[in-house]
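> Can you read through this structure? Questions will come right after.
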Amino acid sequence: MATKQEMAELDQMETGSNHPSLAVGYNINRADPGGPGICAFILTLFSFLLILATFPLSLCFSVKVVQEYERAVIFRLGRLLKGGARGPGIFFIVPCIDTYRKVDLRTVSFDVPPQEILSRDSVTVAVDAVVYYRVQNPTIAVSNVENFSHSTRLLAATTLRNVLGTKNLAEILSERETISHTMQSSLDEATDPWGVKVERVEIKDVRLPVQLQRAMAAEAEAAREARAKVIAAEGEQKASRALRDAAEVIAESPAALQLRYLQTLNTISAEKNSTIIFPLPIDILKHFIKPSKVDKYDL
C-alpha cells in the first residue's frame, strides 16, 4: 500500500502544480469530476437570457471595476471560476449566480500587542513588534483561509512568544535584528499556504520590570565607579613616577630648586593675590636646630 506522502505526491502530479502552498487547503487547479451539473447549466442559461432581456440596464449590475492594487476572486454558483483573480480594470459578472470578493494587494502593517514572555533565564519581559505583509496570491488567500488578516495577526503573536522564549535577556536586548529575521522566516513559511507574503518584522520595544531596571542601573553604576577608581589609581601611579624623576633631576642640580621657587612666585603674583610669600631654604634653619644625641656622637 502507498504511504500518505506518496499519495500526496501523486495527487500533486495529477493537478499539474508544483507550488507548495497548493498542497494544503483548497486546490484551485483540481477539476471537479462530477461537473457543475444540469441544474447549474440551466441557471446559467437563464441568467444570460435575463441579462440579454434587460440590456442595457443589466450592464449596471454586470460591469465591475477594481483598482490597480486590487484583485477580484469570482465564484459562480459557489464554485471558483477558472483563470484566477480578475483585474485590474473592468470585469464582468452574472448578477444572479456570481459573487466576488475584492482583495487588496498593498502592503499592510499591524502592531503585535505586547506579549508577556518568560525568557530562557527566567526573566519576564513585555515585547511588542510590527509586522509588514501583503497578499501574494488572492485566489489562495480567499479559498484556503477564512480570514487571512486575522490569522496572520494571531500567528505573529504566537511566533513572537515562541521565538523569544528560547532567548536569554541579553540576547533579546542585543540581537534584535537576528530575532526579527528569524520571525520573518518563520511567519513567511507558515503563511505561504494562505497566499500571504510576510515582508518584514521589527521588534519595537522591550519592557523590563521596574525592579530589574533598578538592579541593572545599580550594576552599571558600580561598574562605572570601578572603572573610575582604576583610572584614578593609574593616574596617581604615573604622577608619582613623574615626581620621582623630577626629584632626581632637582637633586642633581640644586639651582633648579631656586628656579622652581621663582616660578611658583611668578604663578602666584599673576593671580593678583594679596598674600606675600618669602621662600626660606631649609639649609638656613639647620644652624638653629639642636643636634640630637646621635648627631653629637657622629661629630
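Lettering and numbering for the C-alpha cells are positional, with chains as A, B, ... in the shown order, residues counted from 1 in each chain, and ligands counted from 1 in the shown order.
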Using the chain letters and numbers from this document, which residues of range 98-263 of chain A does DSSP assign to strand (DSSP E), as a PyMOL selection string?
chain A and resi 98-104+108-118+124-135+196-207
> Counting only C-alpha atoms, which residues of range 93-140 of chain A fall within 7 Å of range 153-165 of chain A, and what is the closest atom pair for each with its distance in Å at one decimal, ordered by chain and rising number, as CSV?

```
residue,atom,partner,partner_atom,distance
A:Val112,CA,A:Ala157,CA,6.0
A:Gln115,CA,A:Arg161,CA,6.9
A:Ile117,CA,A:Arg161,CA,6.1
A:Leu118,CA,A:Gly165,CA,6.0
A:Ser119,CA,A:Gly165,CA,4.8
A:Arg120,CA,A:Gly165,CA,6.0
```
> Keeping N, CA, C and O atoms, export the residues of the selection given above as a compact mmCIF listing (two decimals), in the first residue's frame.

```
# COMPACT_ATOMS: atom_id res chain seq x y z
N VAL A 112 1.85 44.05 16.76
CA VAL A 112 1.63 42.88 17.60
C VAL A 112 1.46 43.37 19.04
O VAL A 112 2.33 44.08 19.55
N GLN A 115 3.51 41.23 24.42
CA GLN A 115 3.42 39.85 24.89
C GLN A 115 4.29 39.67 26.13
O GLN A 115 5.46 40.03 26.13
N ILE A 117 6.52 37.56 28.11
CA ILE A 117 7.34 36.43 27.71
C ILE A 117 8.30 36.10 28.84
O ILE A 117 8.90 37.00 29.45
N LEU A 118 8.46 34.81 29.12
CA LEU A 118 9.44 34.33 30.08
C LEU A 118 10.66 33.85 29.30
O LEU A 118 10.58 32.87 28.55
N SER A 119 11.77 34.56 29.45
CA SER A 119 12.98 34.23 28.70
C SER A 119 13.60 32.94 29.23
O SER A 119 13.16 32.36 30.23
N ARG A 120 14.65 32.50 28.56
CA ARG A 120 15.30 31.24 28.94
C ARG A 120 15.97 31.33 30.30
O ARG A 120 16.11 30.32 31.00
```
> Each residue of range 113-175 of chain A with at least one atom at most 8 Å from range 185-207 of chain A should appear once, together with its nearest atom pair and the corresponding distance in Å (one decimal); atoms considered: only C-alpha atoms; ordering: chain, then increasing residue number; output as CSV.

```
residue,atom,partner,partner_atom,distance
A:Val125,CA,A:Arg207,CA,5.7
A:Ala126,CA,A:Arg207,CA,5.0
A:Val127,CA,A:Val206,CA,4.7
A:Asp128,CA,A:Lys204,CA,5.7
A:Ala129,CA,A:Ile203,CA,4.3
A:Val130,CA,A:Glu202,CA,5.2
A:Val131,CA,A:Val201,CA,4.6
A:Tyr132,CA,A:Arg200,CA,5.2
A:Tyr133,CA,A:Val198,CA,4.2
A:Arg134,CA,A:Lys197,CA,5.4
A:Val135,CA,A:Val196,CA,4.5
A:Gln136,CA,A:Gly195,CA,5.2
A:Asn137,CA,A:Gly195,CA,4.6
A:Pro138,CA,A:Gly195,CA,6.6
A:Thr139,CA,A:Gly195,CA,7.7
A:Ile140,CA,A:Gly195,CA,5.2
A:Ala141,CA,A:Gly195,CA,4.9
A:Asn144,CA,A:Trp194,CA,5.9
A:Val145,CA,A:Trp194,CA,6.2
A:Phe148,CA,A:Trp194,CA,6.8
A:Thr152,CA,A:Thr191,CA,7.1
A:Leu155,CA,A:Leu187,CA,7.4
A:Ala156,CA,A:Leu187,CA,6.8
A:Thr159,CA,A:Leu187,CA,7.3
A:Leu173,CA,A:Val206,CA,7.4
```
> How would the residues just chosen look if you wrote them out with N, CA and C atoms as a compact mmCIF listing (two decimals), in the first residue's frame?

```txt
# COMPACT_ATOMS: atom_id res chain seq x y z
N VAL A 125 9.58 39.62 30.52
CA VAL A 125 9.66 40.87 29.76
C VAL A 125 8.42 41.00 28.90
N ALA A 126 8.08 42.24 28.57
CA ALA A 126 6.96 42.54 27.66
C ALA A 126 7.54 43.06 26.36
N VAL A 127 7.24 42.38 25.27
CA VAL A 127 7.81 42.70 23.96
C VAL A 127 6.68 42.90 22.97
N ASP A 128 6.78 43.97 22.16
CA ASP A 128 5.84 44.18 21.06
C ASP A 128 6.63 44.37 19.77
N ALA A 129 5.94 44.14 18.64
CA ALA A 129 6.61 44.15 17.34
C ALA A 129 5.67 44.72 16.29
N VAL A 130 6.23 44.93 15.08
CA VAL A 130 5.48 45.41 13.92
C VAL A 130 5.72 44.42 12.78
N VAL A 131 4.64 44.03 12.10
CA VAL A 131 4.72 43.06 11.01
C VAL A 131 4.18 43.72 9.74
N TYR A 132 4.91 43.52 8.64
CA TYR A 132 4.51 44.02 7.32
C TYR A 132 4.27 42.82 6.41
N TYR A 133 3.08 42.74 5.81
CA TYR A 133 2.76 41.62 4.93
C TYR A 133 1.91 42.12 3.77
N ARG A 134 1.80 41.29 2.75
CA ARG A 134 0.95 41.58 1.60
C ARG A 134 0.40 40.27 1.04
N VAL A 135 -0.68 40.36 0.31
CA VAL A 135 -1.29 39.19 -0.31
C VAL A 135 -0.54 38.88 -1.61
N GLN A 136 0.01 37.70 -1.69
CA GLN A 136 0.77 37.29 -2.86
C GLN A 136 -0.10 36.57 -3.89
N ASN A 137 -1.07 35.80 -3.44
CA ASN A 137 -1.97 35.06 -4.33
C ASN A 137 -3.40 35.28 -3.83
N PRO A 138 -4.17 36.15 -4.47
CA PRO A 138 -5.53 36.44 -3.97
C PRO A 138 -6.45 35.23 -3.95
N THR A 139 -6.32 34.36 -4.94
CA THR A 139 -7.21 33.20 -5.01
C THR A 139 -7.00 32.27 -3.83
N ILE A 140 -5.75 32.00 -3.50
CA ILE A 140 -5.45 31.13 -2.36
C ILE A 140 -5.84 31.81 -1.06
N ALA A 141 -5.63 33.13 -0.96
CA ALA A 141 -5.96 33.86 0.27
C ALA A 141 -7.45 33.81 0.56
N ASN A 144 -8.34 29.35 0.78
CA ASN A 144 -7.66 28.46 1.73
C ASN A 144 -7.80 28.87 3.18
N VAL A 145 -8.17 30.11 3.47
CA VAL A 145 -8.28 30.56 4.85
C VAL A 145 -9.48 31.50 4.95
N PHE A 148 -7.54 35.79 6.30
CA PHE A 148 -6.08 35.73 6.30
C PHE A 148 -5.47 36.82 7.17
N THR A 152 -3.10 35.88 10.30
CA THR A 152 -1.72 36.33 10.31
C THR A 152 -1.39 37.07 11.61
N LEU A 155 -1.02 34.44 14.37
CA LEU A 155 0.21 33.69 14.18
C LEU A 155 1.44 34.52 14.53
N ALA A 156 1.42 35.82 14.25
CA ALA A 156 2.54 36.68 14.59
C ALA A 156 2.74 36.76 16.10
N THR A 159 4.16 33.39 17.25
CA THR A 159 5.56 33.23 16.84
C THR A 159 6.49 34.10 17.67
N LEU A 173 17.96 41.79 24.18
CA LEU A 173 18.29 43.22 24.15
C LEU A 173 19.32 43.55 23.08
```
> Any chance you could list, as a PyMOL selection string, the residues in range 55-129 of chain A that come up helix (DSSP H, G or I) when DSSP is run on the backbone?
chain A and resi 59-62
> For Ile93 in chain A, find every residue with an atom within 8 Å (counting only C-alpha atoms), except residues of its own chain fewer than 2 positions away, and show them as a compact mmCIF listing (two decimals) with N, CA and C atoms, in the first residue's frame.

```
# COMPACT_ATOMS: atom_id res chain seq x y z
N PHE A 61 -25.29 46.16 -13.38
CA PHE A 61 -25.08 45.10 -12.38
C PHE A 61 -24.02 44.09 -12.83
N SER A 62 -23.67 44.11 -14.11
CA SER A 62 -22.73 43.11 -14.62
C SER A 62 -21.30 43.64 -14.72
N VAL A 63 -21.13 44.94 -14.97
CA VAL A 63 -19.79 45.51 -15.15
C VAL A 63 -19.26 45.97 -13.79
N LYS A 64 -18.10 45.49 -13.43
CA LYS A 64 -17.44 45.86 -12.18
C LYS A 64 -16.03 46.36 -12.48
N ILE A 74 -13.79 35.54 -8.20
CA ILE A 74 -15.20 35.34 -8.58
C ILE A 74 -15.60 33.89 -8.32
N PHE A 91 -14.20 44.05 -15.31
CA PHE A 91 -14.53 42.63 -15.49
C PHE A 91 -16.04 42.49 -15.40
N PRO A 95 -25.07 38.65 -12.55
CA PRO A 95 -25.60 39.10 -11.25
C PRO A 95 -26.32 38.02 -10.47
N ASP A 98 -23.29 34.88 -9.79
CA ASP A 98 -21.89 35.16 -9.47
C ASP A 98 -21.78 36.02 -8.21
N THR A 99 -20.80 35.70 -7.41
CA THR A 99 -20.38 36.54 -6.27
C THR A 99 -18.87 36.73 -6.38
```
> What does the structure give for the distance between CA of Leu81 in chain A and CA of Tyr100 in chain A, in Å to one decimal?
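That distance, rounded to one decimal, is 10.1 Å.
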